[in-house]
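Undergrad: Provided below: query.txt, containing compact mmCIF, C-alpha atoms and all ligand atoms.
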```
# COMPACT_ATOMS: atom_id res chain seq x y z
CA MET Y 16 -128.25 40.37 21.50
CA PRO Y 17 -126.36 42.32 24.12
CA ASN Y 18 -124.05 44.18 21.70
CA ASN Y 19 -126.70 45.48 19.37
CA THR Y 20 -126.13 49.11 18.37
CA LYS Y 21 -128.60 51.64 17.03
CA ARG Y 22 -128.29 55.05 15.47
CA CYS Y 23 -129.89 58.02 17.22
CA ARG Y 24 -132.49 59.47 14.90
CA TYR Y 25 -131.66 62.97 16.06
CA CYS Y 26 -127.84 63.18 16.13
CA LYS Y 27 -127.11 60.04 14.02
CA GLN Y 28 -124.54 58.76 16.59
CA LYS Y 29 -124.33 55.03 17.17
CA HIS Y 30 -124.69 53.61 20.67
CA LEU Y 31 -125.52 50.38 22.41
CA GLU Y 32 -129.22 49.76 22.44
CA SER Y 33 -129.13 49.25 26.19
CA GLU Y 34 -127.93 52.84 26.67
CA MET Y 35 -130.60 54.40 24.48
CA VAL Y 36 -134.29 55.23 24.71
CA ARG Y 37 -136.99 54.21 22.30
CA VAL Y 38 -139.77 56.63 21.45
CA GLN Y 39 -142.44 55.86 18.87
CA MET Y 40 -140.41 53.21 17.04
CA SER Y 41 -137.26 55.37 16.86
CA TRP Y 42 -134.07 55.18 18.91
CA PHE Y 43 -132.46 58.17 20.60
CA CYS Y 44 -129.39 58.80 22.79
CA ASN Y 45 -131.67 60.15 25.49
CA TYR Y 46 -135.00 61.90 26.02
CA ASP Y 47 -133.42 65.24 25.30
CA HIS Y 48 -132.60 64.11 21.75
CA ALA Y 49 -136.03 62.55 21.37
CA THR Y 50 -137.64 65.84 22.36
CA LYS Y 51 -135.41 67.88 20.06
CA PHE Y 52 -136.21 65.54 17.18
CA ALA Y 53 -139.95 65.91 17.82
CA LEU Y 54 -139.61 69.72 17.97
CA ASP Y 55 -137.65 69.79 14.70
CA LYS Y 56 -140.37 67.72 13.05
CA LEU Y 57 -142.99 70.12 14.32
CA GLU Y 58 -140.99 73.06 13.02
CA GLN Y 59 -140.65 71.44 9.60
CA LYS Y 60 -144.35 70.76 9.48
CA LYS Y 61 -145.11 74.39 10.33
CA GLU Y 62 -142.66 75.63 7.72
CA LYS Y 63 -144.27 73.39 5.12
CA GLU Y 64 -147.70 74.72 6.00
CA ILE Y 65 -146.52 78.32 5.78
CA LYS Y 66 -144.87 77.67 2.42
CA ALA Y 67 -148.04 76.11 1.08
CA LYS Y 68 -150.05 79.12 2.29
CA VAL Y 69 -147.63 81.55 0.64
CA LYS Y 70 -147.83 79.61 -2.62
CA GLU Y 71 -151.61 79.66 -2.45
CA LEU Y 72 -151.62 83.42 -1.86
CA LYS Y 73 -149.19 84.00 -4.72
CA VAL Y 74 -151.45 82.11 -7.10
CA LYS Y 75 -154.51 83.98 -5.82
CA ASN Y 76 -152.82 87.31 -6.55
CA LYS Y 77 -151.94 86.44 -10.12
CA THR Y 78 -153.93 88.15 -12.83
CA LEU Y 79 -155.76 86.13 -15.45
CA SER Y 80 -153.27 87.29 -18.07
CA GLN Y 81 -150.35 86.09 -15.93
CA LEU Y 82 -151.98 82.68 -15.54
CA LYS Y 83 -152.56 82.56 -19.28
CA LYS Y 84 -148.93 83.38 -19.99
CA GLU Y 85 -147.70 80.70 -17.61
CA ALA Y 86 -149.96 78.06 -19.12
CA GLU Y 87 -148.89 79.14 -22.60
CA TYR Y 88 -145.23 78.87 -21.67
CA TYR Y 89 -145.58 75.20 -20.76
CA VAL Y 90 -147.93 74.29 -23.61
CA ASN Y 91 -145.49 75.79 -26.13
CA ALA Y 92 -142.53 74.13 -24.39
CA TYR Y 93 -144.38 70.82 -24.68
CA VAL Y 94 -144.91 71.34 -28.42
CA ARG Y 95 -141.23 72.13 -28.91
CA ILE Y 96 -140.23 68.91 -27.15
CA ARG Y 97 -142.88 66.90 -29.05
CA ASP Y 98 -141.75 68.30 -32.42
CA GLU Y 99 -138.01 68.37 -31.72
CA GLY Y 100 -136.17 67.38 -34.88
CA LYS Y 101 -139.25 67.67 -37.09
CA PRO Y 102 -139.24 69.93 -40.15
CA CYS Y 103 -141.13 73.24 -40.25
CA CYS Y 104 -144.87 72.54 -40.48
CA SER Y 105 -145.33 75.19 -43.17
CA CYS Y 106 -142.31 75.01 -45.48
CA SER Y 107 -140.83 71.59 -44.56
CA LYS Y 108 -137.41 73.10 -44.03
CA PRO Y 109 -135.31 70.81 -41.77
CA HIS Y 110 -135.46 71.50 -38.05
CA GLN Y 111 -133.27 74.30 -36.69
CA SER Y 112 -132.47 75.09 -33.08
CA GLY Y 113 -134.45 78.35 -33.10
CA ASP Y 114 -137.70 76.84 -34.37
CA GLN Y 115 -140.79 78.14 -32.60
CA ALA Y 116 -144.20 76.90 -31.55
CA GLY Y 117 -146.45 78.33 -34.28
CA HIS Y 118 -150.24 78.46 -34.17
CA PHE Y 119 -152.28 77.47 -37.22
CA ILE Y 120 -155.22 79.60 -36.09
CA ALA Y 121 -153.56 82.64 -34.55
CA VAL Y 122 -154.15 83.37 -30.89
CA GLY Y 123 -155.64 86.73 -31.83
CA SER Y 124 -158.16 85.09 -34.17
CA CYS Y 125 -159.35 82.42 -31.79
CA ASP Y 126 -158.48 82.47 -28.13
CA GLU Y 127 -160.18 79.10 -27.64
CA LEU Y 128 -157.51 77.35 -29.71
CA ARG Y 129 -154.65 79.05 -27.89
CA PHE Y 130 -153.71 75.93 -25.91
CA ASN Y 131 -154.91 73.24 -28.31
CA THR Y 132 -151.82 71.18 -29.17
CA LYS Y 133 -153.36 70.19 -32.51
CA ASN Y 134 -153.28 73.88 -33.38
CA ILE Y 135 -149.59 74.34 -32.49
CA HIS Y 136 -146.56 72.86 -34.26
CA SER Y 137 -142.88 73.45 -34.65
CA GLN Y 138 -142.32 76.16 -37.23
CA CYS Y 139 -139.22 77.92 -38.55
CA ILE Y 140 -138.67 81.54 -37.59
CA GLU Y 141 -139.12 82.80 -41.16
CA CYS Y 142 -142.56 81.24 -41.50
CA ASN Y 143 -143.68 82.13 -37.99
CA LEU Y 144 -142.49 85.72 -37.80
CA TYR Y 145 -141.96 86.99 -41.32
CA GLN Y 146 -144.62 85.16 -43.31
CA SER Y 147 -147.45 85.48 -40.76
CA GLY Y 148 -147.40 81.75 -40.18
CA ASN Y 149 -147.13 80.79 -43.87
CA LEU Y 150 -150.72 79.57 -43.64
CA LEU Y 151 -151.06 77.92 -47.03
CA GLY Y 152 -148.28 75.51 -46.26
CA TYR Y 153 -149.51 75.12 -42.71
CA ARG Y 154 -153.02 74.22 -43.90
CA ASP Y 155 -151.67 71.46 -46.14
CA TYR Y 156 -149.77 70.06 -43.22
CA MET Y 157 -152.85 70.18 -40.96
CA VAL Y 158 -155.02 68.40 -43.53
CA LYS Y 159 -152.40 65.70 -44.02
CA ARG Y 160 -151.99 65.18 -40.30
CA TYR Y 161 -155.53 65.56 -38.95
CA GLY Y 162 -157.84 65.52 -41.95
CA GLU Y 163 -159.99 68.17 -43.61
CA GLN Y 164 -162.74 67.97 -40.96
CA LEU Y 165 -160.65 69.16 -38.04
CA VAL Y 166 -159.12 71.95 -40.10
CA ASN Y 167 -162.58 73.14 -41.15
CA ASP Y 168 -163.81 72.95 -37.55
CA PHE Y 169 -160.89 75.06 -36.39
CA GLN Y 170 -161.53 77.63 -39.13
CA ASP Y 171 -165.27 77.71 -38.38
CA LEU Y 172 -164.54 78.29 -34.72
CA ALA Y 173 -162.26 81.20 -35.61
CA ARG Y 174 -164.91 82.69 -37.93
CA SER Y 175 -167.59 82.41 -35.25
CA LYS Y 176 -165.78 85.09 -33.20
CA ARG Y 177 -167.18 83.40 -30.13
CA ILE Y 178 -166.15 85.20 -26.96
CA ASN Y 179 -163.99 83.01 -24.81
CA LYS Y 180 -163.35 83.29 -21.08
CA TRP Y 181 -160.66 81.30 -19.34
CA ASP Y 182 -161.31 79.98 -15.90
CA ARG Y 183 -158.53 80.64 -13.35
CA ASP Y 184 -158.54 77.11 -11.95
CA TYR Y 185 -158.50 75.65 -15.43
CA LEU Y 186 -155.43 77.70 -16.34
CA ILE Y 187 -153.64 76.70 -13.14
CA ARG Y 188 -154.39 73.03 -13.84
CA LEU Y 189 -153.36 73.38 -17.48
CA LYS Y 190 -150.00 74.79 -16.47
CA ASP Y 191 -149.38 71.95 -14.01
CA VAL Y 192 -150.47 69.29 -16.47
CA PHE Y 193 -148.21 70.57 -19.24
CA LYS Y 194 -145.31 71.10 -16.88
CA ARG Y 195 -145.57 67.42 -15.96
CA ARG Y 196 -146.01 66.40 -19.60
CA CYS Y 197 -142.81 68.29 -20.52
CA THR Y 198 -140.80 66.44 -17.88
CA HIS Y 199 -142.35 63.12 -18.85
CA LEU Y 200 -141.82 63.53 -22.58
CA LYS Y 201 -138.24 64.72 -22.08
CA LYS Y 202 -137.53 61.58 -20.08
CA ILE Y 203 -139.01 59.34 -22.77
CA LYS Y 204 -137.03 61.08 -25.51
CA ASN Y 205 -133.79 60.89 -23.54
CA ASN Y 206 -134.29 57.17 -23.00
CA GLN Y 207 -135.01 56.66 -26.70
CA GLN Y 208 -131.77 58.44 -27.60
CA LYS Y 209 -129.81 56.23 -25.21
CA SER Y 210 -131.22 52.96 -26.50
ZN ZN W 301 -128.49 61.55 19.82
ZN ZN W 302 -140.92 77.32 -42.43
```
Just give me the structure as structure tokens.
TA:
Amino acid sequence: MPNNTKRCRYCKQKHLESEMVRVQMSWFCNYDHATKFALDKLEQKKEKEIKAKVKELKVKNKTLSQLKKEAEYYVNAYVRIRDEGKPCCSCSKPHQSGDQAGHFIAVGSCDELRFNTKNIHSQCIECNLYQSGNLLGYRDYMVKRYGEQLVNDFQDLARSKRINKWDRDYLIRLKDVFKRRCTHLKKIKNNQQKS
């Protein structure tokens, strides 16, 4: 077809095919534009590599406690999305906007259960902050939801005072996993609300 036109991949202008050049499956006004396009690509690739390196270095420089905080942020955010609209796990008061992610076994009592989502549920501020977790009510809820066995296992673990050490890579992965889970769960919940 003699009147076929193509768009230059570099400057996006349209021209007749017969007046253009073709380089590696793409059309360009001329070799100058083809070269510039290739150089831009190269530049972008370099920039990407540098950015990835910087990110890697940033992560390397983070302290264990920073990594723990970041993982915790997303685990707790996940729990809040999961339990959105549910009553307080300790006192059954209807959900309020300020409800928090409360641990059944406190972080200070058992570091190993810090990120366990079966140990964290939406809790009202009064129970979480002013009644030290309102554990009697919380225990009832745990037994109803997961059974006596799991609750006893959690309590045994806390009593064992086992020393726990978090692995850096594990914490980094945990953060990424829960960040993705938050996005995913939010999407599902939004779709449910629409339908
Ligand atoms: Zn061009
Ligand atoms: Zn409560």
Undergrad: Quick one: axis-aligned box around all listed atoms of range 181-193 of chain Y, 5 Å on every side, centre and edge lengths in Å to one decimal, written as lines of an AutoDock Vina configuration file.
TA:
```
center_x = -154.8
center_y = 75.3
center_z = -15.6
size_x = 23.1
size_y = 22.0
size_z = 17.4
```
Undergrad: Using all atoms listed in the file, which residues have at least one atom no more than 6 Å from ligand ZN 301 (chain W)? Output them as a VMD selection string.
TA: chain Y and resid 23 25 to 26 28 43 to 44 48
Undergrad: Of the candidates Y:Arg177, Y:Lys75, Y:Lys190, Y:Lys108, which shows the shortest atom-to-atom distance to ligand ZN 302 (chain W), using all atoms listed in the file?
TA: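 Using all atoms listed in the file, the shortest distance to ligand ZN 302 (chain W) belongs to Y:Lys108.
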Undergrad: How close does each residue of chain Y get to ligand ZN 302 (chain W), giving the shortest atom pair and distance in Å to one decimal for every residue with an atom at most 7 Å away, counting all atoms listed in the file, sorted by chain and residue number, as CSV?
TA:
```
residue,atom,partner,partner_atom,distance
Y:Cys103,CA,W:ZN302,ZN,4.6
Y:Cys104,CA,W:ZN302,ZN,6.5
Y:Ser105,CA,W:ZN302,ZN,5.0
Y:Cys106,CA,W:ZN302,ZN,4.1
Y:Ser107,CA,W:ZN302,ZN,6.1
Y:Lys108,CA,W:ZN302,ZN,5.7
Y:Gln138,CA,W:ZN302,ZN,5.5
Y:Cys139,CA,W:ZN302,ZN,4.3
Y:Ile140,CA,W:ZN302,ZN,6.8
Y:Glu141,CA,W:ZN302,ZN,5.9
Y:Cys142,CA,W:ZN302,ZN,4.3
```
Undergrad: Put those residues in a file: C-alpha atoms, as a compact mmCIF listing (two decimals), in the frame of the given file.
TA:
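Dumped to selection05.txt:
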```txt
# COMPACT_ATOMS: atom_id res chain seq x y z
CA CYS Y 103 -141.13 73.24 -40.25
CA CYS Y 104 -144.87 72.54 -40.48
CA SER Y 105 -145.33 75.19 -43.17
CA CYS Y 106 -142.31 75.01 -45.48
CA SER Y 107 -140.83 71.59 -44.56
CA LYS Y 108 -137.41 73.10 -44.03
CA GLN Y 138 -142.32 76.16 -37.23
CA CYS Y 139 -139.22 77.92 -38.55
CA ILE Y 140 -138.67 81.54 -37.59
CA GLU Y 141 -139.12 82.80 -41.16
CA CYS Y 142 -142.56 81.24 -41.50
```
Undergrad: What is the CA of Val90 in chain Y to CA of Gln164 in chain Y distance in Å?
TA: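 Separation of CA of Val90 in chain Y and CA of Gln164 in chain Y: 23.7 Å.
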Undergrad: Residues at most 10 Å from Asp98 in chain Y, counting all atoms listed in the file, excluding those fewer than 5 positions away in the same chain, as a list in words?
TA: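 Within the cut-off, the hits are Ala92, Tyr93, Cys103, Cys104, His110, Asp114, Gln115, Ala116, Ile135, His136, Ser137 and Gln138 of chain Y.
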Undergrad: Closest to Ser80 in chain Y among Y:Ala121, Y:Cys197, Y:Ala53, Y:Leu186, using all atoms listed in the file?
TA: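 Looking at the shortest contact to Ser80 in chain Y, the residue is Y:Leu186.
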